[in-house]
file final-v7.cif (mmCIF, C-alpha atoms)
data_model
#
loop_
_atom_site.label_atom_id
_atom_site.label_comp_id
_atom_site.auth_asym_id
_atom_site.auth_seq_id
_atom_site.Cartn_x
_atom_site.Cartn_y
_atom_site.Cartn_z
CA MET A 812 -18.82 6.71 -12.10
CA GLN A 813 -21.15 8.13 -9.51
CA PHE A 814 -19.45 9.55 -6.43
CA LEU A 815 -20.94 7.05 -3.98
CA ASP A 816 -19.98 4.13 -6.23
CA VAL A 817 -16.41 5.43 -6.29
CA CYS A 818 -16.36 5.68 -2.49
CA GLY A 819 -18.05 2.31 -2.08
CA LEU A 820 -15.61 0.55 -4.38
CA ARG A 821 -12.41 2.10 -3.06
CA ARG A 822 -10.14 -0.70 -1.89
CA SER A 823 -6.45 -1.27 -1.39
CA VAL A 824 -5.86 -3.50 -4.39
CA ARG A 825 -2.97 -5.95 -4.01
CA PHE A 826 -2.96 -7.83 -7.30
CA TYR A 827 -2.67 -5.95 -10.60
CA LYS A 828 -2.86 -7.04 -14.23
CA THR A 829 0.81 -6.90 -15.15
CA TRP A 830 -0.17 -7.36 -18.78
CA GLN A 831 -2.51 -4.35 -19.03
CA PRO A 832 -0.83 -0.95 -19.21
CA VAL A 833 -2.43 2.13 -17.72
CA GLU A 834 -3.34 4.77 -20.28
CA ARG A 835 -1.39 8.01 -19.87
CA ASP A 836 -4.55 10.10 -20.02
CA LYS A 837 -5.92 8.24 -16.99
CA ILE A 838 -2.80 9.06 -14.99
CA GLN A 839 -3.10 12.69 -15.98
CA ARG A 840 -6.79 12.75 -15.05
CA ILE A 841 -5.94 11.49 -11.56
CA LEU A 842 -3.30 14.17 -11.12
CA GLU A 843 -5.68 16.83 -12.41
CA VAL A 844 -8.29 15.77 -9.84
CA VAL A 845 -5.77 16.00 -7.01
CA ARG A 846 -4.71 19.46 -8.16
CA VAL A 847 -8.25 20.78 -8.22
CA ALA A 848 -10.17 18.87 -5.57
CA THR A 849 -7.81 18.54 -2.62
CA THR A 850 -8.64 20.90 0.20
CA CYS A 851 -5.84 22.51 2.17
CA PRO A 852 -5.57 25.23 4.85
CA GLY A 853 -4.36 28.48 3.36
CA ASN A 854 -4.36 26.83 -0.05
CA LEU A 855 -0.82 25.65 0.71
CA GLN A 856 -0.76 22.78 -1.82
CA PRO A 857 2.46 21.17 -0.58
CA TRP A 858 1.94 17.91 -2.52
CA ARG A 859 4.30 16.83 -5.27
CA ALA A 860 4.32 13.59 -7.22
CA VAL A 861 6.72 11.71 -9.46
CA VAL A 862 5.10 9.14 -11.74
CA VAL A 863 7.18 6.09 -12.54
CA ASP A 864 6.28 3.63 -15.29
CA ALA A 865 7.61 0.39 -13.83
CA THR A 866 7.55 -1.30 -17.22
CA LYS A 867 10.22 1.12 -18.46
CA LEU A 868 12.64 0.78 -15.55
CA ALA A 869 16.02 -0.84 -15.93
CA PRO A 870 16.05 -4.12 -13.94
CA LYS A 871 18.52 -2.81 -11.35
CA ASP A 872 16.47 0.35 -10.78
CA ARG A 873 13.28 -1.66 -10.49
CA GLU A 874 14.96 -3.92 -7.96
CA MET A 875 16.18 -0.95 -5.91
CA LEU A 876 12.71 0.62 -5.80
CA LEU A 877 11.11 -2.71 -4.87
CA ALA A 878 13.69 -3.21 -2.13
CA ALA A 879 12.80 0.24 -0.79
CA ASP A 880 9.25 -1.03 -0.36
CA ASN A 881 10.43 -4.25 1.28
CA TYR A 882 9.56 -6.23 -1.88
CA GLN A 883 5.84 -6.09 -1.22
CA GLY A 884 3.86 -8.41 -3.46
CA ALA A 885 1.37 -5.79 -4.63
CA HIS A 886 4.22 -3.50 -5.65
CA ARG A 887 5.67 -6.20 -7.88
CA THR A 888 2.54 -6.43 -10.00
CA ALA A 889 1.52 -2.76 -10.27
CA PRO A 890 2.63 -1.15 -13.55
CA ILE A 891 2.57 2.47 -12.34
CA TRP A 892 4.20 3.77 -9.18
CA ILE A 893 3.42 7.32 -8.10
CA TYR A 894 5.76 8.66 -5.45
CA TRP A 895 4.06 11.36 -3.38
CA PHE A 896 6.18 13.92 -1.58
CA ALA A 897 5.47 16.92 0.62
CA ASP A 898 7.41 20.13 0.08
CA PRO A 899 7.87 21.75 3.51
CA GLU A 900 8.46 25.09 1.79
CA ASP A 901 4.74 25.03 1.09
CA GLY A 902 3.97 24.38 4.72
CA LYS A 903 5.70 27.55 5.87
CA PRO A 904 3.91 30.68 7.16
CA GLN A 905 5.33 32.75 4.28
CA THR A 906 3.61 30.44 1.79
CA PHE A 907 0.40 30.64 3.77
CA GLN A 908 0.69 34.43 3.69
CA LYS A 909 1.23 34.52 -0.09
CA ARG A 910 -1.57 32.07 -0.89
CA VAL A 911 -4.08 33.67 1.46
CA HIS A 912 -3.48 37.04 -0.20
CA GLN A 913 -4.20 35.28 -3.47
CA LEU A 914 -7.42 33.79 -2.06
CA MET A 915 -8.51 37.30 -1.06
CA ASP A 916 -7.68 38.64 -4.52
CA VAL A 917 -9.87 36.02 -6.20
CA GLY A 918 -12.74 36.52 -3.78
CA ALA A 919 -12.47 33.19 -1.98
CA LEU A 920 -11.80 34.88 1.36
CA ALA A 921 -14.09 37.81 2.02
CA SER A 922 -13.45 41.00 3.91
CA CYS A 923 -16.96 40.72 5.34
CA HIS A 924 -15.56 37.95 7.55
CA GLY A 925 -12.76 40.20 8.72
CA TRP A 926 -10.07 39.25 6.20
CA THR A 927 -7.80 42.07 5.07
CA HIS A 928 -4.36 42.05 3.48
CA ASP A 929 -2.99 44.14 6.32
CA ALA A 930 -4.39 41.81 8.96
CA ILE A 931 -2.82 38.80 7.26
CA ASP A 932 0.60 40.45 7.14
CA ALA A 933 0.41 41.76 10.71
CA SER A 934 -0.66 38.40 12.09
CA ILE A 935 1.98 36.33 10.35
CA GLU A 936 4.90 38.75 10.38
CA LYS A 937 4.39 40.35 13.78
CA GLY A 938 2.15 37.95 15.66
CA VAL A 939 -0.57 40.56 15.99
CA ARG A 940 -3.86 39.01 17.04
CA SER A 941 -6.12 38.56 14.02
CA PRO A 942 -9.41 40.50 13.86
CA GLU A 943 -12.49 38.56 14.91
CA GLY A 944 -14.08 36.83 11.96
CA MET A 945 -10.86 35.46 10.53
CA PRO A 946 -8.87 32.63 12.13
CA GLU A 947 -6.37 33.64 14.78
CA ILE A 948 -3.46 32.88 12.46
CA GLY A 949 -1.02 35.11 14.31
CA GLY A 950 -0.96 32.87 17.35
CA PHE A 951 -0.35 29.79 15.27
CA LEU A 952 1.76 30.91 12.34
CA HIS A 953 3.98 33.68 13.71
CA ASN A 954 7.44 32.18 14.32
CA LEU A 955 6.15 28.72 13.43
CA PRO A 956 8.94 26.15 13.93
CA TYR A 957 10.11 24.48 10.72
CA GLU A 958 9.23 21.03 12.09
CA ILE A 959 5.61 22.10 12.25
CA SER A 960 5.77 23.26 8.63
CA VAL A 961 7.06 19.81 7.72
CA ALA A 962 4.24 18.15 9.66
CA VAL A 963 1.66 20.41 8.02
CA ALA A 964 3.04 19.66 4.55
CA ARG A 965 3.00 15.94 5.25
CA GLY A 966 -0.50 15.98 6.70
CA GLU A 967 -1.94 17.89 3.79
CA THR A 968 -0.20 15.63 1.28
CA ILE A 969 -1.79 12.60 2.91
CA GLY A 970 -5.14 14.22 2.14
CA ALA A 971 -4.08 14.64 -1.48
CA CYS A 972 -3.26 10.94 -1.64
CA ASP A 973 -6.75 10.07 -0.43
CA VAL A 974 -8.16 12.15 -3.26
CA ALA A 975 -5.78 10.42 -5.69
CA CYS A 976 -7.09 7.03 -4.57
CA LEU A 977 -10.70 8.00 -5.22
CA ALA A 978 -9.72 9.52 -8.57
CA ALA A 979 -8.05 6.24 -9.54
CA VAL A 980 -11.19 4.26 -8.72
CA ASN A 981 -13.18 6.73 -10.80
CA GLU A 982 -10.93 5.85 -13.76
CA GLY A 983 -11.67 2.15 -13.31
CA LEU A 984 -8.23 1.47 -11.85
CA GLY A 985 -7.03 -0.35 -8.78
CA THR A 986 -4.80 1.48 -6.35
CA CYS A 987 -3.06 1.08 -3.02
CA LEU A 988 -0.88 3.27 -0.83
CA HIS A 989 2.50 1.92 0.17
CA MET A 990 5.52 3.63 1.63
CA ILE A 991 9.27 3.73 1.34
CA ALA A 992 10.38 1.36 4.07
CA THR A 993 13.38 2.84 5.81
CA VAL A 994 15.26 6.12 6.13
CA ASP A 995 18.30 5.02 4.14
CA LYS A 996 16.06 3.72 1.38
CA VAL A 997 14.20 7.03 1.29
CA ALA A 998 17.45 8.81 0.50
CA GLU A 999 18.22 6.31 -2.25
CA VAL A 1000 14.79 6.65 -3.83
CA LYS A 1001 14.90 10.44 -3.64
CA LYS A 1002 18.29 10.45 -5.30
CA PHE A 1003 17.03 8.17 -8.06
CA LEU A 1004 13.97 10.34 -8.63
CA LYS A 1005 16.12 13.48 -8.46
CA VAL A 1006 13.78 15.23 -6.04
CA PRO A 1007 14.99 18.06 -3.80
CA ASP A 1008 16.50 16.96 -0.50
CA ARG A 1009 13.97 18.92 1.49
CA TRP A 1010 11.00 17.00 0.08
CA GLU A 1011 9.45 14.54 2.51
CA ALA A 1012 8.47 11.13 1.20
CA VAL A 1013 4.83 10.51 2.07
CA TRP A 1014 3.15 7.69 0.15
CA LEU A 1015 3.89 5.50 -2.82
CA GLN A 1016 0.68 5.02 -4.78
CA LEU A 1017 0.40 1.82 -6.78
CA LEU A 1018 -1.75 2.06 -9.86
CA GLY A 1019 -2.97 -0.49 -12.37
CA TYR A 1020 -5.91 -2.53 -13.54
CA SER A 1021 -7.02 -4.75 -10.70
CA ALA A 1022 -6.66 -8.48 -11.16
CA GLU A 1023 -9.01 -8.98 -8.24
CA GLU A 1024 -12.78 -9.21 -8.63
CA PRO A 1025 -14.35 -5.73 -8.77
CA GLU A 1026 -15.12 -5.60 -5.05
CA ALA A 1027 -11.71 -7.04 -4.12
CA GLY A 1028 -13.23 -9.40 -1.60
CA GLY A 1029 -15.68 -6.98 -0.05
CA GLN A 1030 -15.62 -3.85 2.07
CA ARG A 1031 -12.97 -3.88 4.75
CA PRO A 1032 -13.89 -3.98 8.44
CA ARG A 1033 -14.74 -0.52 9.68
CA LEU A 1034 -15.27 0.74 13.21
CA PRO A 1035 -18.93 0.98 14.17
CA PHE A 1036 -20.53 4.31 13.18
CA ASN A 1037 -21.62 5.05 16.72
CA GLU A 1038 -18.12 4.55 18.12
CA ILE A 1039 -16.50 7.23 15.97
CA PHE A 1040 -19.14 9.90 15.35
CA PHE A 1041 -20.80 11.95 18.05
CA GLU A 1042 -23.31 14.72 18.33
CA GLY A 1043 -22.81 17.69 20.57
CA GLU A 1044 -20.26 16.01 22.78
CA TYR A 1045 -18.12 12.92 22.98
CA GLY A 1046 -20.06 9.94 24.29
CA LYS A 1047 -23.34 10.82 22.60
CA PRO A 1048 -23.28 8.86 19.36
CA PHE A 1049 -24.56 10.62 16.26
CA PRO A 1050 -27.80 8.72 15.58
CA ARG A 1051 -27.55 6.42 12.57
CA ASP A 1052 -30.78 6.51 10.59
CA GLU A 1053 -31.44 3.10 9.00
CA THR A 1054 -33.34 4.75 6.14
CA VAL A 1055 -30.17 6.58 5.17
CA VAL A 1056 -28.17 3.37 5.52
CA ASN A 1057 -30.58 1.56 3.20
CA ASP A 1058 -30.44 4.40 0.68
CA LEU A 1059 -26.63 4.27 0.71
CA ARG A 1060 -26.79 0.53 0.06
CA LYS A 1061 -28.92 1.20 -3.01
CA GLU A 1062 -26.64 4.03 -4.12
CA GLY A 1063 -23.49 1.91 -3.96
CA LEU A 1064 -21.66 3.23 -0.92
CA LEU A 1065 -22.39 0.34 1.40
CA ARG A 1066 -21.59 -3.04 -0.09
CA ALA A 1067 -21.00 -6.63 0.98
CA PRO A 1068 -18.48 -6.83 3.81
CA ALA A 1069 -15.24 -8.76 3.50
CA PRO A 1070 -14.69 -11.60 3.17
CA LYS A 1071 -17.12 -12.26 0.36
CA PRO A 1072 -17.76 -15.97 -0.31
CA GLU A 1073 -14.92 -17.52 -2.31
CA ARG A 1074 -12.49 -14.73 -1.39
CA PHE A 1075 -9.80 -17.08 -0.16
CA GLU A 1076 -10.29 -19.29 -3.21
CA GLU A 1077 -9.75 -16.16 -5.31
CA ILE A 1078 -6.55 -15.31 -3.45
CA LYS A 1079 -5.33 -18.86 -3.98
CA HIS A 1080 -5.92 -18.56 -7.72
CA LEU A 1081 -4.40 -15.09 -7.90
CA ALA A 1082 -1.32 -16.25 -6.02
CA ARG A 1083 -0.91 -19.18 -8.38
CA MET A 1084 -1.51 -17.04 -11.45
CA PHE A 1085 1.26 -14.61 -10.48
CA GLY A 1086 3.57 -17.17 -8.91
CA PHE A 1087 3.26 -16.20 -5.25
CA PRO A 1088 3.39 -18.90 -2.56
CA VAL A 1089 0.14 -20.11 -0.96
CA MET B 662 14.68 -37.41 10.17
CA ASP B 663 11.30 -38.80 11.09
CA ASN B 664 9.62 -40.24 8.00
CA ASP B 665 6.28 -38.78 9.05
CA LEU B 666 6.70 -35.08 8.35
CA LYS B 667 3.37 -34.35 9.95
CA SER B 668 4.82 -35.19 13.34
CA TYR B 669 6.93 -32.02 13.28
CA SER B 670 5.40 -29.02 14.98
CA SER B 671 6.52 -26.66 12.21
CA VAL B 672 4.73 -28.81 9.65
CA GLN B 673 1.61 -29.00 11.78
CA LYS B 674 1.63 -25.22 12.12
CA TRP B 675 2.09 -24.80 8.36
CA ILE B 676 -0.81 -27.11 7.53
CA ARG B 677 -3.05 -25.54 10.15
CA ASN B 678 -2.34 -21.96 9.02
CA VAL B 679 -2.73 -22.62 5.32
CA ASN B 680 -5.89 -24.65 5.78
CA GLN B 681 -7.48 -21.90 7.84
CA MET B 682 -7.54 -19.81 4.69
CA PHE B 683 -7.26 -22.05 1.69
CA ALA B 684 -8.34 -25.59 2.63
CA LEU B 685 -6.03 -27.48 0.31
CA SER B 686 -6.98 -31.03 -0.68
CA GLU B 687 -5.22 -34.09 0.69
CA SER B 688 -3.49 -34.73 -2.61
CA GLU B 689 -2.23 -31.13 -2.69
CA TRP B 690 -0.81 -31.61 0.78
CA ASN B 691 0.79 -34.89 -0.17
CA ASN B 692 2.55 -33.13 -3.03
CA ARG B 693 3.62 -30.30 -0.75
CA LEU B 694 4.92 -32.65 1.90
CA GLN B 695 6.96 -34.45 -0.72
CA VAL B 696 8.50 -31.13 -1.83
CA LEU B 697 9.34 -30.30 1.77
CA ALA B 698 10.80 -33.76 2.32
CA ASP B 699 12.99 -33.32 -0.76
CA PHE B 700 14.17 -29.95 0.47
CA CYS B 701 14.91 -31.33 3.93
CA ALA B 702 16.95 -34.10 2.35
CA HIS B 703 18.81 -31.56 0.23
CA VAL B 704 19.85 -29.47 3.24
CA GLY B 705 20.20 -32.41 5.65
CA ARG B 706 17.93 -30.90 8.31
CA ASN B 707 14.46 -31.75 9.58
CA PRO B 708 11.60 -29.18 9.28
CA ASP B 709 11.81 -28.00 12.88
CA GLU B 710 15.57 -27.56 12.66
CA ILE B 711 15.23 -25.56 9.46
CA ILE B 712 12.73 -23.16 10.99
CA GLN B 713 14.70 -22.87 14.20
CA ASP B 714 17.86 -22.00 12.26
CA ALA B 715 16.06 -19.60 9.95
CA LEU B 716 14.45 -17.73 12.82
CA GLU B 717 17.69 -17.61 14.80
CA GLU B 718 19.84 -16.03 12.16
CA LYS B 719 19.02 -14.16 8.96
CA GLY B 720 22.15 -15.50 7.29
CA GLN B 721 20.91 -19.05 7.78
CA LYS B 722 17.57 -18.16 6.25
CA VAL B 723 19.23 -16.55 3.26
CA ASP B 724 21.37 -19.64 2.84
CA PHE B 725 18.30 -21.87 2.95
CA MET B 726 16.76 -19.77 0.18
CA ARG B 727 19.94 -20.08 -1.86
CA ARG B 728 19.89 -23.84 -1.40
CA LEU B 729 16.22 -23.90 -2.26
CA ARG B 730 16.96 -22.34 -5.65
CA GLU B 731 19.87 -24.69 -6.05
CA ALA B 732 17.70 -27.75 -5.32
CA SER B 733 14.94 -26.66 -7.68
CA LYS B 734 17.41 -26.15 -10.51
CA LEU B 735 18.68 -29.68 -10.04
CA LYS B 736 15.12 -30.97 -10.33
CA PHE B 737 13.63 -28.80 -13.07
CA GLN B 738 14.90 -27.10 -16.18
CA ASP B 739 11.58 -25.31 -16.60
CA SER B 740 11.73 -22.06 -14.61
CA ILE B 741 8.00 -21.99 -13.88
CA ARG B 742 8.01 -25.49 -12.37
CA ALA B 743 11.12 -24.63 -10.41
CA HIS B 744 9.45 -21.46 -9.12
CA GLU B 745 6.34 -23.39 -8.04
CA TRP B 746 8.46 -25.98 -6.28
CA GLN B 747 10.33 -23.22 -4.46
CA ASN B 748 7.04 -21.58 -3.50
CA VAL B 749 5.96 -24.63 -1.51
CA VAL B 750 9.01 -24.25 0.71
CA ARG B 751 8.59 -20.47 0.84
CA SER B 752 5.05 -21.06 2.10
CA PHE B 753 6.45 -23.36 4.79
CA PHE B 754 8.82 -20.60 5.90
CA ILE B 755 6.19 -17.83 5.79
CA HIS B 756 3.64 -19.74 7.85
CA ASN B 757 6.27 -20.44 10.47
CA GLY B 758 7.12 -16.79 10.85
CA ALA B 759 10.31 -16.73 8.77
CA ARG B 760 9.88 -13.86 6.33
CA VAL B 761 11.15 -14.58 2.85
CA VAL B 762 11.15 -12.53 -0.33
CA VAL B 763 8.33 -13.54 -2.66
CA ARG B 764 8.47 -13.04 -6.39
CA THR B 765 6.16 -13.43 -9.33
CA TYR B 766 6.93 -15.93 -12.08
CA PRO B 767 10.09 -14.93 -13.91
CA GLN B 768 8.14 -13.79 -16.99
CA GLY B 769 5.18 -12.49 -14.97
CA THR B 770 6.99 -9.40 -13.83
CA THR B 771 6.09 -6.03 -15.21
#

call {"tool": "encode", "arguments": {"input": "final-v7.cif", "output": "structure tokens"}}
result
Amino acid sequence: MQFLDVCGLRRSVRFYKTWQPVERDKIQRILEVVRVATTCPGNLQPWRAVVVDATKLAPKDREMLLAADNYQGAHRTAPIWIYWFADPEDGKPQTFQKRVHQLMDVGALASCHGWTHDAIDASIEKGVRSPEGMPEIGGFLHNLPYEISVAVARGETIGACDVACLAAVNEGLGTCLHMIATVDKVAEVKKFLKVPDRWEAVWLQLLGYSAEEPEAGGQRPRLPFNEIFFEGEYGKPFPRDETVVNDLRKEGLLRAPAPKPERFEEIKHLARMFGFPV
Amino acid sequence: MDNDLKSYSSVQKWIRNVNQMFALSESEWNNRLQVLADFCAHVGRNPDEIIQDALEEKGQKVDFMRRLREASKLKFQDSIRAHEWQNVVRSFFIHNGARVVVRTYPQGTT
């Protein structure tokens, strides 16, 4: 698919074809995209994922995982459940230090901007102010509290999940991000998935072939462009050129807004097809 | 219990909420109201009392759901028809703010 079509068709899908399995190669392709395309400060890469084929779960395990998501309807119909976690170890300054050295070694960070191996070490280990041209990492990363490392790992993993959603659409799949409902359920799910205690549960990505019409009822309400994007300073909206808007309509990014005609009729039929109450 | 279910505020709210989205036909509503009437008779409570009890205490709501399954099994041997019958009452609960667990058809699960 073309990039703008992928972006324009990205929806949170809430009804999946229970009868159509997801090909393993498509799951792998999504994970490969996340690995390569997700941006991250210091190349930290704190995201981890455990893929669960719901069709192969024992009934009691399936029930436990559904309960952890508060028995959400969409979860019941999705055949693949990807549990995304953040590893705080990869949000720590030491990891940043190691990965940034690596970025220098491969030529991604250039000494012409001020980056040097010595400056990286001095900034992170001793809090020495970084040379101009490179970010002032000493002030931020030296003696960074662990809670901040956790927050960084979580934040960056959320970005990875966004990439995973677009990658799923590119594979012709429906997807939706859920979460593990409560703290005690998180522990239960982590134990079941055998993930390290330190990992932070971030999102549960549902994956499957959408049972909804391709546009899933239309594009969701979005805040007006001029209320969220500014030029130069807050309060001066970035001008929205209608020519660009029209081009993006033609190129597939901007599509019919929700609700499309017959959307509620569709939901009624979907609910009846799967056995949900209307 | 009043014979006219539509006189109960919980029923009015249910009809109003569902029709805002799905506009069910009169015959569909007649069928639904009959299901609700049967359930009310089974538990010996009127619609408003059921919702009041369910909202007041989770245990009561869980018990209503247990009795719902019980009532549907007495009426239907076919699990799909029983599930659909239960769903009418689940809808009544949901649209009155009483959260209930929803499930797919027994054989529709992945």

call {"tool": "residues_around", "arguments": {"input": "final-v7.cif", "residues": "Pro708 (chain B)", "least_positions_apart": "4", "cutoff": "7 Å", "atoms": "all atoms listed in the file", "output": "PyMOL selection string"}}
result
chain B and resi 669+671-672+701+712

call {"tool": "atom_distance", "arguments": {"input": "final-v7.cif", "atom1": "CA of Ile948 (chain A)", "atom2": "CA of Ile935 (chain A)"}}
result
6.8 Å

call {"tool": "residues_around", "arguments": {"input": "final-v7.cif", "residues": "Lys1079 (chain A)", "least_positions_apart": "5", "cutoff": "12 Å", "atoms": "all atoms listed in the file", "output": "number ranges by chain"}}
result
A: 826, 1023, 1073-1074, 1084-1089; B: 679-680, 682-685

call {"tool": "resolve_selection", "arguments": {"input": "final-v7.cif", "expression": "the PyMOL selection byres ((chain B) within 12 of (chain A))", "output": "ChimeraX atom specification"}}
result
/B:675-676,678-685,689-690,693,740-756,760-771

call {"tool": "atom_distance", "arguments": {"input": "final-v7.cif", "atom1": "CA of Val1055 (chain A)", "atom2": "CA of Val980 (chain A)"}}
result
23.6 Å

call {"tool": "resolve_selection", "arguments": {"input": "final-v7.cif", "expression": "the PyMOL selection byres ((chain A and resi 1016) around 7)", "output": "VMD selection string"}}
result
chain A and resid 892 to 894 986 to 989 1014 to 1015 1017 to 1018

call {"tool": "closest_residue", "arguments": {"input": "final-v7.cif", "among": "A:Lys996, A:Arg1060, A:Arg835, A:His953", "to": "Asp880 (chain A)", "atoms": "all atoms listed in the file"}}
result
A:Lys996

call {"tool": "atom_distance", "arguments": {"input": "final-v7.cif", "atom1": "CA of Glu687 (chain B)", "atom2": "CA of Gly705 (chain B)"}}
result
26.0 Å

call {"tool": "resolve_selection", "arguments": {"input": "final-v7.cif", "expression": "the PyMOL selection byres ((chain A and resi 950) around 8)", "output": "ChimeraX atom specification"}}
result
/A:934,938-940,947-949,951-953

call {"tool": "write_last_selection", "arguments": {"input": "final-v7.cif", "atoms": "C-alpha atoms", "output": "compact mmCIF listing (two decimals), keeping the file's coordinate frame"}}
result
# COMPACT_ATOMS: atom_id res chain seq x y z
CA SER A 934 -0.66 38.40 12.09
CA GLY A 938 2.15 37.95 15.66
CA VAL A 939 -0.57 40.56 15.99
CA ARG A 940 -3.86 39.01 17.04
CA GLU A 947 -6.37 33.64 14.78
CA ILE A 948 -3.46 32.88 12.46
CA GLY A 949 -1.02 35.11 14.31
CA PHE A 951 -0.35 29.79 15.27
CA LEU A 952 1.76 30.91 12.34
CA HIS A 953 3.98 33.68 13.71

call {"tool": "residues_around", "arguments": {"input": "final-v7.cif", "residues": "Val961 (chain A)", "least_positions_apart": "5", "cutoff": "8 Å", "atoms": "only C-alpha atoms", "output": "list in words"}}
result
Ala897, Asp898, Pro899, Gly902 and Glu1011 of chain A

call {"tool": "closest_residue", "arguments": {"input": "final-v7.cif", "among": "A:Arg1066, A:Asn981, A:Arg1033, A:Gln908", "to": "Phe814 (chain A)", "atoms": "only C-alpha atoms"}}
result
A:Asn981

call {"tool": "residues_around", "arguments": {"input": "final-v7.cif", "residues": "Leu914 (chain A)", "least_positions_apart": "4", "cutoff": "12 Å", "atoms": "all atoms listed in the file", "output": "ChimeraX atom specification"}}
result
/A:852-855,907-910,918-922,926-928,931

call {"tool": "closest_residue", "arguments": {"input": "final-v7.cif", "among": "B:His703, B:Ala715, B:Ser688, B:Gln695", "to": "Arg728 (chain B)", "atoms": "all atoms listed in the file"}}
result
B:His703

call {"tool": "build_atoms", "arguments": {"input": "final-v7.cif", "residues": "region 701-712 of chain B", "atoms": "N, CA, C and O atoms", "output": "tab-separated table (two decimals), keeping the file's coordinate frame"}}
result
chain	number	residue	atom	x	y	z
B	701	CYS	N	14.25	-30.94	2.68
B	701	CYS	CA	14.91	-31.33	3.93
B	701	CYS	C	16.09	-32.26	3.63
B	701	CYS	O	17.17	-32.12	4.23
B	702	ALA	N	15.87	-33.18	2.71
B	702	ALA	CA	16.95	-34.10	2.35
B	702	ALA	C	18.11	-33.34	1.72
B	702	ALA	O	19.28	-33.62	2.00
B	703	HIS	N	17.77	-32.34	0.91
B	703	HIS	CA	18.81	-31.56	0.23
B	703	HIS	C	19.69	-30.80	1.23
B	703	HIS	O	20.91	-30.71	1.04
B	704	VAL	N	19.06	-30.26	2.28
B	704	VAL	CA	19.85	-29.47	3.24
B	704	VAL	C	20.28	-30.29	4.46
B	704	VAL	O	21.04	-29.80	5.30
B	705	GLY	N	19.78	-31.54	4.55
B	705	GLY	CA	20.20	-32.41	5.65
B	705	GLY	C	19.69	-31.98	7.02
B	705	GLY	O	20.36	-32.20	8.03
B	706	ARG	N	18.52	-31.35	7.05
B	706	ARG	CA	17.93	-30.90	8.31
B	706	ARG	C	16.46	-31.28	8.32
B	706	ARG	O	15.83	-31.39	7.27
B	707	ASN	N	15.90	-31.47	9.52
B	707	ASN	CA	14.46	-31.75	9.58
B	707	ASN	C	13.69	-30.41	9.60
B	707	ASN	O	14.29	-29.35	9.83
B	708	PRO	N	12.37	-30.43	9.39
B	708	PRO	CA	11.60	-29.18	9.28
B	708	PRO	C	11.75	-28.27	10.50
B	708	PRO	O	11.93	-27.05	10.35
B	709	ASP	N	11.70	-28.85	11.68
B	709	ASP	CA	11.81	-28.00	12.88
B	709	ASP	C	13.19	-27.36	12.98
B	709	ASP	O	13.32	-26.19	13.39
B	710	GLU	N	14.21	-28.12	12.62
B	710	GLU	CA	15.57	-27.56	12.66
B	710	GLU	C	15.72	-26.43	11.66
B	710	GLU	O	16.36	-25.41	11.94
B	711	ILE	N	15.14	-26.61	10.50
B	711	ILE	CA	15.23	-25.56	9.46
B	711	ILE	C	14.61	-24.26	9.96
B	711	ILE	O	15.21	-23.19	9.86
B	712	ILE	N	13.42	-24.38	10.52
B	712	ILE	CA	12.73	-23.16	10.99
B	712	ILE	C	13.48	-22.53	12.17
B	712	ILE	O	13.67	-21.32	12.22
